[in-house]
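Have a look at start29.cif; it's mmCIF, C-alpha atoms:
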```cif
data_query
#
loop_
_atom_site.label_atom_id
_atom_site.label_comp_id
_atom_site.auth_asym_id
_atom_site.auth_seq_id
_atom_site.Cartn_x
_atom_site.Cartn_y
_atom_site.Cartn_z
CA MET A 1 63.28 -28.38 -2.55
CA GLU A 2 65.47 -26.58 0.03
CA LYS A 3 63.99 -28.58 2.88
CA HIS A 4 64.58 -31.81 0.97
CA TRP A 5 68.24 -31.19 0.49
CA ASN A 6 68.80 -30.02 4.08
CA SER A 7 67.39 -33.31 5.26
CA HIS A 8 69.97 -35.17 3.17
CA PRO A 9 73.28 -33.31 3.81
CA GLY A 10 75.48 -36.16 2.57
CA HIS A 11 73.55 -36.37 -0.69
CA PHE A 12 73.75 -32.61 -1.13
CA SER A 13 77.52 -32.46 -0.53
CA ARG A 14 78.17 -35.28 -3.02
CA LEU A 15 76.12 -33.53 -5.71
CA GLY A 16 77.87 -30.26 -4.89
CA ALA A 17 81.27 -31.88 -5.31
CA VAL A 18 80.27 -33.40 -8.63
CA ALA A 19 78.98 -30.03 -9.83
CA ALA A 20 82.24 -28.32 -8.79
CA LEU A 21 84.34 -30.87 -10.70
CA LEU A 22 82.17 -30.50 -13.81
CA ALA A 23 82.50 -26.73 -13.59
CA LEU A 24 86.30 -26.95 -13.33
CA ALA A 25 86.26 -29.19 -16.41
CA GLY A 26 84.39 -26.50 -18.32
CA CYS A 27 81.06 -28.32 -18.41
CA LYS A 28 77.85 -26.34 -18.16
CA VAL A 29 75.74 -27.41 -15.20
CA GLU A 30 71.96 -26.90 -15.53
CA PRO A 31 69.99 -26.38 -12.30
CA LEU A 32 67.61 -29.10 -11.24
CA SER A 33 63.98 -28.43 -12.13
CA ALA A 34 60.73 -30.04 -11.03
CA PRO A 35 58.93 -32.26 -13.58
CA LYS A 36 56.23 -30.48 -15.55
CA ALA A 37 52.74 -31.00 -14.14
CA ALA A 38 49.99 -32.36 -16.39
CA ALA A 39 47.72 -29.71 -17.83
CA ALA A 40 44.88 -29.02 -15.43
CA ALA A 41 41.28 -29.21 -16.54
CA PRO A 42 39.52 -25.83 -16.97
CA ALA A 43 37.64 -24.45 -13.99
CA LEU A 44 34.05 -25.67 -13.75
CA MET A 45 31.41 -23.36 -15.17
CA SER A 46 27.87 -22.54 -14.15
CA TRP A 47 25.20 -23.97 -16.43
CA ARG A 48 24.47 -20.48 -17.78
CA VAL A 49 28.07 -19.86 -18.81
CA ALA A 50 28.48 -23.39 -20.19
CA SER A 51 25.30 -23.23 -22.26
CA ALA A 52 26.33 -19.81 -23.63
CA TYR A 53 29.67 -21.26 -24.79
CA LEU A 54 27.94 -24.25 -26.36
CA GLU A 55 25.24 -22.22 -28.10
CA ASP A 56 27.95 -20.01 -29.60
CA ILE A 57 29.81 -23.09 -30.83
CA PHE A 58 26.74 -24.70 -32.40
CA ALA A 59 25.77 -21.37 -33.99
CA THR A 60 28.88 -21.64 -36.17
CA ILE A 61 27.82 -25.09 -37.47
CA PRO A 62 25.12 -25.10 -40.16
CA ASN A 63 21.89 -27.02 -39.46
CA SER A 64 22.92 -27.88 -35.90
CA SER A 65 20.17 -26.43 -33.72
CA ILE A 66 17.34 -28.33 -32.02
CA ASP A 67 14.91 -26.67 -34.41
CA ASP A 68 16.97 -27.82 -37.39
CA PHE A 69 16.85 -31.42 -36.17
CA ARG A 70 13.09 -31.19 -35.60
CA LYS A 71 12.36 -29.83 -39.05
CA GLU A 72 14.01 -32.56 -41.02
CA THR A 73 15.43 -36.03 -40.45
CA PRO A 74 16.82 -37.74 -43.56
CA ASP A 75 14.46 -40.53 -44.68
CA GLU A 76 17.16 -43.16 -44.37
CA GLU A 77 17.99 -42.11 -40.80
CA ARG A 78 14.32 -41.92 -39.84
CA ALA A 79 13.76 -45.50 -40.97
CA LEU A 80 16.99 -46.71 -39.36
CA VAL A 81 16.29 -45.18 -35.96
CA ASN A 82 12.67 -46.35 -35.88
CA ALA A 83 13.69 -49.89 -36.87
CA SER A 84 16.29 -50.00 -34.08
CA HIS A 85 13.39 -49.84 -31.61
CA GLY A 86 11.93 -53.10 -32.87
CA GLU A 87 8.42 -53.79 -34.12
CA ALA A 88 6.90 -51.10 -31.91
CA GLY A 89 9.35 -48.51 -33.23
CA VAL A 90 8.43 -49.27 -36.83
CA LYS A 91 4.70 -49.31 -36.08
CA GLU A 92 4.62 -46.06 -34.09
CA GLY A 93 7.18 -44.33 -36.29
CA ASN A 94 8.20 -41.59 -33.87
CA ALA A 95 11.46 -42.86 -32.31
CA HIS A 96 13.46 -40.52 -34.57
CA VAL A 97 11.78 -37.37 -33.16
CA TYR A 98 14.44 -35.10 -31.63
CA GLY A 99 14.39 -33.32 -28.29
CA GLU A 100 16.72 -32.28 -25.46
CA PRO A 101 16.34 -31.24 -21.84
CA THR A 102 16.88 -27.51 -21.42
CA PRO A 103 20.26 -26.40 -19.99
CA VAL A 104 18.75 -25.57 -16.60
CA THR A 105 17.04 -28.98 -16.51
CA THR A 106 20.30 -30.66 -17.49
CA ASP A 107 21.95 -28.87 -14.57
CA LEU A 108 19.28 -30.10 -12.14
CA MET A 109 19.60 -33.68 -13.38
CA LEU A 110 23.39 -33.60 -13.12
CA ARG A 111 23.07 -32.37 -9.54
CA SER A 112 20.74 -35.26 -8.74
CA MET A 113 23.32 -37.67 -10.16
CA LYS A 114 25.96 -36.38 -7.67
CA LEU A 115 28.77 -36.83 -10.17
CA ASP A 116 32.43 -36.79 -9.18
CA GLU A 117 35.73 -37.23 -11.03
CA LYS A 118 35.45 -41.03 -10.85
CA ASP A 119 32.17 -41.10 -12.76
CA VAL A 120 31.85 -41.94 -16.45
CA ILE A 121 28.51 -40.83 -17.88
CA TYR A 122 26.89 -42.28 -21.01
CA ASP A 123 24.06 -40.71 -23.00
CA LEU A 124 22.26 -43.37 -25.04
CA GLY A 125 20.61 -41.63 -27.96
CA CYS A 126 22.78 -38.55 -27.45
CA GLY A 127 21.83 -36.62 -30.59
CA ARG A 128 24.28 -33.75 -31.04
CA GLY A 129 25.81 -34.37 -27.59
CA PHE A 130 24.79 -31.11 -25.86
CA PHE A 131 23.88 -32.89 -22.60
CA LEU A 132 27.32 -34.52 -22.33
CA MET A 133 29.15 -31.36 -23.29
CA GLN A 134 27.39 -29.42 -20.55
CA ALA A 135 28.20 -32.21 -18.09
CA LEU A 136 31.91 -31.99 -18.92
CA LEU A 137 31.95 -28.20 -18.48
CA THR A 138 29.97 -28.06 -15.23
CA THR A 139 30.85 -31.21 -13.24
CA PRO A 140 34.12 -32.88 -12.13
CA ILE A 141 33.70 -35.88 -14.47
CA ARG A 142 36.64 -36.61 -16.77
CA LYS A 143 34.89 -38.77 -19.37
CA ALA A 144 31.55 -38.66 -21.20
CA VAL A 145 30.38 -41.02 -23.95
CA GLY A 146 27.51 -40.56 -26.36
CA VAL A 147 25.89 -43.22 -28.54
CA GLU A 148 23.67 -42.15 -31.45
CA LEU A 149 22.47 -44.02 -34.52
CA ALA A 150 21.66 -40.98 -36.71
CA ALA A 151 24.89 -40.15 -38.55
CA SER A 152 23.96 -36.52 -39.24
CA ARG A 153 23.56 -35.84 -35.52
CA VAL A 154 26.84 -37.54 -34.63
CA ASN A 155 28.67 -35.55 -37.31
CA ILE A 156 27.34 -32.28 -35.91
CA GLY A 157 28.36 -33.33 -32.40
CA LYS A 158 31.88 -34.21 -33.52
CA GLN A 159 32.26 -30.83 -35.20
CA ALA A 160 31.22 -29.13 -31.97
CA ALA A 161 33.61 -31.32 -29.96
CA ARG A 162 36.52 -30.29 -32.20
CA LEU A 163 35.66 -26.62 -31.67
CA MET A 164 35.49 -27.20 -27.91
CA ALA A 165 38.93 -28.81 -28.01
CA ASP A 166 40.32 -25.93 -30.08
CA GLN A 167 39.12 -23.51 -27.40
CA GLY A 168 40.69 -25.55 -24.60
CA LEU A 169 37.32 -26.47 -23.12
CA LEU A 170 38.07 -30.21 -23.12
CA ARG A 171 41.54 -29.99 -21.59
CA GLY A 172 41.92 -32.89 -19.16
CA LYS A 173 38.57 -34.34 -20.30
CA VAL A 174 37.43 -37.04 -22.74
CA LEU A 175 34.36 -36.78 -24.97
CA GLU A 176 33.51 -39.73 -27.22
CA LEU A 177 30.61 -39.72 -29.68
CA HIS A 178 29.84 -43.02 -31.42
CA GLU A 179 27.58 -43.68 -34.39
CA GLN A 180 26.05 -46.91 -33.13
CA ASP A 181 22.85 -48.72 -32.20
CA LEU A 182 22.55 -48.06 -28.48
CA ALA A 183 21.38 -51.64 -27.92
CA GLN A 184 24.88 -52.73 -29.03
CA ALA A 185 26.86 -50.19 -27.00
CA ASN A 186 29.73 -51.31 -24.78
CA LEU A 187 28.98 -49.87 -21.34
CA ASP A 188 31.77 -51.55 -19.39
CA ASP A 189 33.17 -48.37 -17.81
CA ALA A 190 29.84 -46.58 -17.32
CA THR A 191 28.82 -45.48 -13.83
CA VAL A 192 25.80 -43.36 -14.81
CA VAL A 193 23.55 -43.66 -17.88
CA PHE A 194 21.15 -41.01 -19.17
CA MET A 195 18.45 -41.68 -21.76
CA ASP A 196 15.96 -39.27 -23.27
CA SER A 197 13.68 -42.28 -23.51
CA VAL A 198 10.35 -40.62 -24.39
CA PHE A 199 9.82 -42.75 -27.50
CA PHE A 200 11.98 -45.76 -26.60
CA SER A 201 10.26 -49.13 -27.01
CA ASP A 202 10.01 -51.65 -24.18
CA GLU A 203 11.94 -54.11 -26.33
CA LEU A 204 14.85 -51.72 -26.70
CA LEU A 205 14.85 -50.75 -23.03
CA GLY A 206 14.86 -54.40 -21.99
CA ASN A 207 17.94 -55.01 -24.12
CA VAL A 208 19.66 -51.92 -22.74
CA ALA A 209 18.91 -52.99 -19.15
CA LYS A 210 20.74 -56.26 -19.79
CA ARG A 211 23.75 -54.39 -21.15
CA MET A 212 23.79 -51.99 -18.21
CA ALA A 213 23.62 -54.96 -15.84
CA ARG A 214 27.06 -56.07 -17.07
CA ALA A 215 28.69 -52.74 -16.18
CA ARG A 216 30.53 -53.42 -12.93
CA HIS A 217 30.56 -49.85 -11.67
CA MET A 218 27.10 -48.76 -12.81
CA ARG A 219 25.23 -47.03 -9.99
CA MET A 220 22.46 -44.89 -11.50
CA VAL A 221 20.19 -44.53 -14.53
CA ALA A 222 18.24 -41.35 -15.37
CA MET A 223 15.43 -41.38 -17.96
CA ILE A 224 12.82 -38.97 -19.29
CA MET A 225 9.13 -39.94 -19.13
CA LYS A 226 9.52 -43.63 -19.93
CA GLY A 227 11.28 -45.87 -17.42
CA LEU A 228 12.88 -49.29 -17.42
CA PRO A 229 10.72 -52.40 -17.74
CA ALA A 230 10.72 -54.69 -14.68
CA ASN A 231 14.15 -56.25 -14.23
CA PRO A 232 16.27 -57.71 -11.39
CA TRP A 233 19.17 -55.21 -11.64
CA PHE A 234 17.73 -51.70 -11.30
CA GLU A 235 15.09 -50.35 -8.96
CA PHE A 236 13.10 -47.11 -9.20
CA ASP A 237 14.44 -44.53 -6.76
CA HIS A 238 12.60 -41.23 -7.29
CA LYS A 239 11.26 -38.84 -9.92
CA GLU A 240 10.97 -35.11 -10.52
CA ARG A 241 9.16 -32.94 -13.08
CA LEU A 242 11.47 -30.66 -15.07
CA LYS A 243 11.21 -28.39 -18.12
CA MET A 244 12.15 -29.78 -21.53
CA SER A 245 12.68 -28.22 -24.95
CA TRP A 246 9.37 -29.75 -26.06
CA SER A 247 7.51 -28.85 -22.86
CA PRO A 248 8.91 -25.61 -21.40
CA ARG A 249 5.74 -24.83 -19.42
CA PHE A 250 4.54 -28.09 -17.89
CA GLY A 251 7.75 -30.14 -18.11
CA SER A 252 8.18 -33.90 -18.14
CA GLU A 253 9.01 -36.48 -15.50
CA VAL A 254 12.62 -37.54 -15.01
CA LEU A 255 12.89 -41.02 -13.49
CA TYR A 256 15.93 -42.17 -11.51
CA TYR A 257 16.93 -45.80 -10.91
CA ARG A 258 19.60 -47.23 -8.60
CA ARG A 259 21.59 -50.43 -8.93
CA THR A 260 20.21 -53.24 -6.73
CA ALA A 261 21.91 -56.40 -7.97
CA ALA A 262 25.46 -57.56 -8.66
CA PRO A 263 26.82 -57.26 -12.21
CA VAL A 264 26.03 -60.02 -14.66
CA ASP A 265 29.08 -61.96 -15.85
#
```
Taking this structure as input, can you express it in the form of C-alpha cells?
Amino acid sequence: MEKHWNSHPGHFSRLGAVAALLALAGCKVEPLSAPKAAAAAPALMSWRVASAYLEDIFATIPNSSIDDFRKETPDEERALVNASHGEAGVKEGNAHVYGEPTPVTTDLMLRSMKLDEKDVIYDLGCGRGFFLMQALLTTPIRKAVGVELAASRVNIGKQAARLMADQGLLRGKVLELHEQDLAQANLDDATVVFMDSVFFSDELLGNVAKRMARARHMRMVAMIMKGLPANPWFEFDHKERLKMSWSPRFGSEVLYYRRTAAPVD
C-alpha cells in the first residue's frame, strides 16, 4: 500500500487534506483496509489422511459402510437399479451389487486422470460418494458430482457431505450428490467421468456415451472392468490392474478412454 501511494503523490495529498478537514470537524476517520480475501480451500491431503477422515465420518452414520451396502439392498431399490440397465439388467439381476475401489486405488486412478482446478469430475453410479470425497480432499479440483439411483446410498452420502462441511473439509469446494438415473444425467460441465461399470449393461453404456459426447469440455473417461461400446467420440487409451474392495488380492482392470471427436450439438 505504501508503494502505491508514493507513486500517486497528488492523490495522497488530496486524501490527506480531506482527512485533516474531517478531523477538524470532529469526524472519526477509519484507516483504509484491504478487501477481505475469499476463504481458501483446505490444504490437499494424502490419500491415507483423507481416507482416515472419511472413514471416521462414515463410522458415525449408521448402516453406511461398504459391508452394510453389500449385506442388504432394499427390494424396491434393487429392482429399480436393475431395471435402469435395460433388459440385460433385469435378466442378470446384479446391477445393484455394491463395490468401491480401495482408497489407494482411488489415489492411483486420480493420478492417472491428471486433475487440476479446472476439472469437474462426475461419478456415475456413485453410491455413498466416497470416491468423489477423496478426490476433493486430495486433488486441486473444485467441483465433484455424483449420480446414484439408489436413494438409501444418496442419503448416506449427503449425511457424510454435511459432516465434511461442518468440519471445514469442503471449504472452497463443491460436492453435489443427485438421486437420478445416470442415463438421464446432465453432464454439460464434466471434464472427467468415472464409472464403476462392472455390471453396467451395453445398452446403458451406449446411452451414457451419447450424453458424454455432448459435454464440450469432456476429456477422459475411467471405467472398471467393463468399457465403452464402440462409438465415434471416445477411444481406448490404456488400462491398468488395481486392487478393489471386492478383489484386494488380484485386482481388476481400470480402462481409460480419451476424447477423439468434437462435441455433439
Practice prompt. Name the residues captured by the PyMOL selection byres ((chain A and resi 225) around 9) when it is applied to the shown file; answer as an NGL selection string.
Written response: :A and (196-199 or 223-224 or 226-227 or 252-255)
Can you write just those residues out, C-alpha atoms, as a compact mmCIF listing (two decimals), keeping the file's coordinate frame?
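Output file part.txt follows:
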```txt
# COMPACT_ATOMS: atom_id res chain seq x y z
CA ASP A 196 15.96 -39.27 -23.27
CA SER A 197 13.68 -42.28 -23.51
CA VAL A 198 10.35 -40.62 -24.39
CA PHE A 199 9.82 -42.75 -27.50
CA MET A 223 15.43 -41.38 -17.96
CA ILE A 224 12.82 -38.97 -19.29
CA LYS A 226 9.52 -43.63 -19.93
CA GLY A 227 11.28 -45.87 -17.42
CA SER A 252 8.18 -33.90 -18.14
CA GLU A 253 9.01 -36.48 -15.50
CA VAL A 254 12.62 -37.54 -15.01
CA LEU A 255 12.89 -41.02 -13.49
```
Fill in: Polymer residues at most 10 Å from (30.0, -32.5, -22.6) by only C-alpha atoms, as a ChimeraX atom specification
/A:50,54,121,129-139,141-146,157,161,164,169-170,173-176
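Here CA of Arg211 in chain A is placed at a distance of 15.6 Å from CA of Ser84 in chain A.
Run against this file, the PyMOL selection byres ((chain A and resi 98) around 9) gives back Ile66, Asp67, Phe69, Arg70, Thr73, Ala95, His96, Val97, Gly99, Glu100 and Gly127 of chain A.
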Would you mind exporting the chosen residues as a PDB file, in the frame of the given file, restricted to C-alpha atoms?
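Output (out-v5.pdb):
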```pdb
ATOM      1  CA  ILE A  66      17.340 -28.330 -32.020  1.00  0.00           C
ATOM      2  CA  ASP A  67      14.910 -26.670 -34.410  1.00  0.00           C
ATOM      3  CA  PHE A  69      16.850 -31.420 -36.170  1.00  0.00           C
ATOM      4  CA  ARG A  70      13.090 -31.190 -35.600  1.00  0.00           C
ATOM      5  CA  THR A  73      15.430 -36.030 -40.450  1.00  0.00           C
ATOM      6  CA  ALA A  95      11.460 -42.860 -32.310  1.00  0.00           C
ATOM      7  CA  HIS A  96      13.460 -40.520 -34.570  1.00  0.00           C
ATOM      8  CA  VAL A  97      11.780 -37.370 -33.160  1.00  0.00           C
ATOM      9  CA  GLY A  99      14.390 -33.320 -28.290  1.00  0.00           C
ATOM     10  CA  GLU A 100      16.720 -32.280 -25.460  1.00  0.00           C
ATOM     11  CA  GLY A 127      21.830 -36.620 -30.590  1.00  0.00           C
TER      12      GLY A 127
END
```
Practice prompt. Report the distance between CA of Pro140 in chain A and CA of Val221 in chain A in Å, rounded to one decimal place.
Written response: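 Straight-line distance from CA of Pro140 in chain A to CA of Val221 in chain A works out to 18.3 Å.
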Starting from the incomplete input, reconstruct N, CA and C atoms of range 178-213 of chain A and write that as an mmCIF file, keeping the file's coordinate frame.
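To be explicit, this is the file written out as result.cif:
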```cif
data_model
loop_
_atom_site.group_PDB
_atom_site.id
_atom_site.type_symbol
_atom_site.label_atom_id
_atom_site.label_comp_id
_atom_site.auth_asym_id
_atom_site.auth_seq_id
_atom_site.Cartn_x
_atom_site.Cartn_y
_atom_site.Cartn_z
ATOM 1 N N HIS A 178 29.810 -41.841 -30.554
ATOM 2 C CA HIS A 178 29.840 -43.020 -31.420
ATOM 3 C C HIS A 178 28.562 -43.132 -32.235
ATOM 4 N N GLU A 179 28.725 -43.390 -33.529
ATOM 5 C CA GLU A 179 27.580 -43.680 -34.390
ATOM 6 C C GLU A 179 27.298 -45.175 -34.260
ATOM 7 N N GLN A 180 26.271 -45.511 -33.479
ATOM 8 C CA GLN A 180 26.050 -46.910 -33.130
ATOM 9 C C GLN A 180 24.635 -47.116 -32.614
ATOM 10 N N ASP A 181 24.110 -48.310 -32.807
ATOM 11 C CA ASP A 181 22.850 -48.720 -32.200
ATOM 12 C C ASP A 181 23.067 -48.816 -30.701
ATOM 13 N N LEU A 182 22.302 -48.087 -29.927
ATOM 14 C CA LEU A 182 22.550 -48.060 -28.480
ATOM 15 C C LEU A 182 22.339 -49.421 -27.819
ATOM 16 N N ALA A 183 21.573 -50.294 -28.461
ATOM 17 C CA ALA A 183 21.380 -51.640 -27.920
ATOM 18 C C ALA A 183 22.644 -52.484 -28.055
ATOM 19 N N GLN A 184 23.623 -52.011 -28.840
ATOM 20 C CA GLN A 184 24.880 -52.730 -29.030
ATOM 21 C C GLN A 184 26.047 -52.044 -28.327
ATOM 22 N N ALA A 185 25.790 -50.984 -27.593
ATOM 23 C CA ALA A 185 26.860 -50.190 -27.000
ATOM 24 C C ALA A 185 27.598 -50.952 -25.898
ATOM 25 N N ASN A 186 28.901 -50.764 -25.852
ATOM 26 C CA ASN A 186 29.730 -51.310 -24.780
ATOM 27 C C ASN A 186 29.706 -50.332 -23.609
ATOM 28 N N LEU A 187 29.149 -50.753 -22.490
ATOM 29 C CA LEU A 187 28.980 -49.870 -21.340
ATOM 30 C C LEU A 187 29.874 -50.260 -20.169
ATOM 31 N N ASP A 188 30.955 -50.974 -20.450
ATOM 32 C CA ASP A 188 31.770 -51.550 -19.390
ATOM 33 C C ASP A 188 32.250 -50.544 -18.351
ATOM 34 N N ASP A 189 32.619 -49.332 -18.771
ATOM 35 C CA ASP A 189 33.170 -48.370 -17.810
ATOM 36 C C ASP A 189 32.134 -47.350 -17.337
ATOM 37 N N ALA A 190 30.874 -47.531 -17.702
ATOM 38 C CA ALA A 190 29.840 -46.580 -17.320
ATOM 39 C C ALA A 190 29.520 -46.668 -15.826
ATOM 40 N N THR A 191 29.325 -45.521 -15.200
ATOM 41 C CA THR A 191 28.820 -45.480 -13.830
ATOM 42 C C THR A 191 27.421 -44.886 -13.770
ATOM 43 N N VAL A 192 27.120 -43.996 -14.723
ATOM 44 C CA VAL A 192 25.800 -43.360 -14.810
ATOM 45 C C VAL A 192 25.373 -43.369 -16.272
ATOM 46 N N VAL A 193 24.100 -43.689 -16.516
ATOM 47 C CA VAL A 193 23.550 -43.660 -17.880
ATOM 48 C C VAL A 193 22.347 -42.726 -17.909
ATOM 49 N N PHE A 194 22.312 -41.883 -18.933
ATOM 50 C CA PHE A 194 21.150 -41.010 -19.170
ATOM 51 C C PHE A 194 20.517 -41.407 -20.490
ATOM 52 N N MET A 195 19.182 -41.419 -20.521
ATOM 53 C CA MET A 195 18.450 -41.680 -21.760
ATOM 54 C C MET A 195 17.248 -40.749 -21.852
ATOM 55 N N ASP A 196 17.170 -40.015 -22.953
ATOM 56 C CA ASP A 196 15.960 -39.270 -23.270
ATOM 57 C C ASP A 196 15.026 -40.282 -23.928
ATOM 58 N N SER A 197 14.335 -41.033 -23.093
ATOM 59 C CA SER A 197 13.680 -42.280 -23.510
ATOM 60 C C SER A 197 12.204 -42.119 -23.861
ATOM 61 N N VAL A 198 11.772 -40.900 -24.160
ATOM 62 C CA VAL A 198 10.350 -40.620 -24.390
ATOM 63 C C VAL A 198 9.714 -41.606 -25.360
ATOM 64 N N PHE A 199 10.384 -41.885 -26.480
ATOM 65 C CA PHE A 199 9.820 -42.750 -27.500
ATOM 66 C C PHE A 199 10.523 -44.103 -27.597
ATOM 67 N N PHE A 200 11.280 -44.467 -26.570
ATOM 68 C CA PHE A 200 11.980 -45.760 -26.600
ATOM 69 C C PHE A 200 10.979 -46.895 -26.401
ATOM 70 N N SER A 201 11.151 -47.980 -27.147
ATOM 71 C CA SER A 201 10.260 -49.130 -27.010
ATOM 72 C C SER A 201 10.670 -49.983 -25.804
ATOM 73 N N ASP A 202 9.707 -50.743 -25.289
ATOM 74 C CA ASP A 202 10.010 -51.650 -24.180
ATOM 75 C C ASP A 202 11.049 -52.688 -24.585
ATOM 76 N N GLU A 203 10.980 -53.117 -25.835
ATOM 77 C CA GLU A 203 11.940 -54.110 -26.330
ATOM 78 C C GLU A 203 13.361 -53.553 -26.262
ATOM 79 N N LEU A 204 13.525 -52.335 -26.722
ATOM 80 C CA LEU A 204 14.850 -51.720 -26.700
ATOM 81 C C LEU A 204 15.328 -51.514 -25.268
ATOM 82 N N LEU A 205 14.456 -51.020 -24.411
ATOM 83 C CA LEU A 205 14.850 -50.750 -23.030
ATOM 84 C C LEU A 205 15.194 -52.039 -22.281
ATOM 85 N N GLY A 206 14.514 -53.118 -22.597
ATOM 86 C CA GLY A 206 14.860 -54.400 -21.990
ATOM 87 C C GLY A 206 16.256 -54.842 -22.378
ATOM 88 N N ASN A 207 16.607 -54.658 -23.659
ATOM 89 C CA ASN A 207 17.940 -55.010 -24.120
ATOM 90 C C ASN A 207 19.008 -54.128 -23.483
ATOM 91 N N VAL A 208 18.708 -52.849 -23.349
ATOM 92 C CA VAL A 208 19.660 -51.920 -22.740
ATOM 93 C C VAL A 208 19.869 -52.250 -21.261
ATOM 94 N N ALA A 209 18.792 -52.621 -20.570
ATOM 95 C CA ALA A 209 18.910 -52.990 -19.150
ATOM 96 C C ALA A 209 19.883 -54.148 -18.971
ATOM 97 N N LYS A 210 19.825 -55.119 -19.868
ATOM 98 C CA LYS A 210 20.740 -56.260 -19.790
ATOM 99 C C LYS A 210 22.181 -55.827 -19.992
ATOM 100 N N ARG A 211 22.399 -54.891 -20.916
ATOM 101 C CA ARG A 211 23.750 -54.390 -21.150
ATOM 102 C C ARG A 211 24.259 -53.597 -19.947
ATOM 103 N N MET A 212 23.392 -52.771 -19.382
ATOM 104 C CA MET A 212 23.790 -51.990 -18.210
ATOM 105 C C MET A 212 24.101 -52.900 -17.025
ATOM 106 N N ALA A 213 23.407 -54.031 -16.946
ATOM 107 C CA ALA A 213 23.620 -54.960 -15.840
ATOM 108 C C ALA A 213 25.028 -55.542 -15.831
#
```
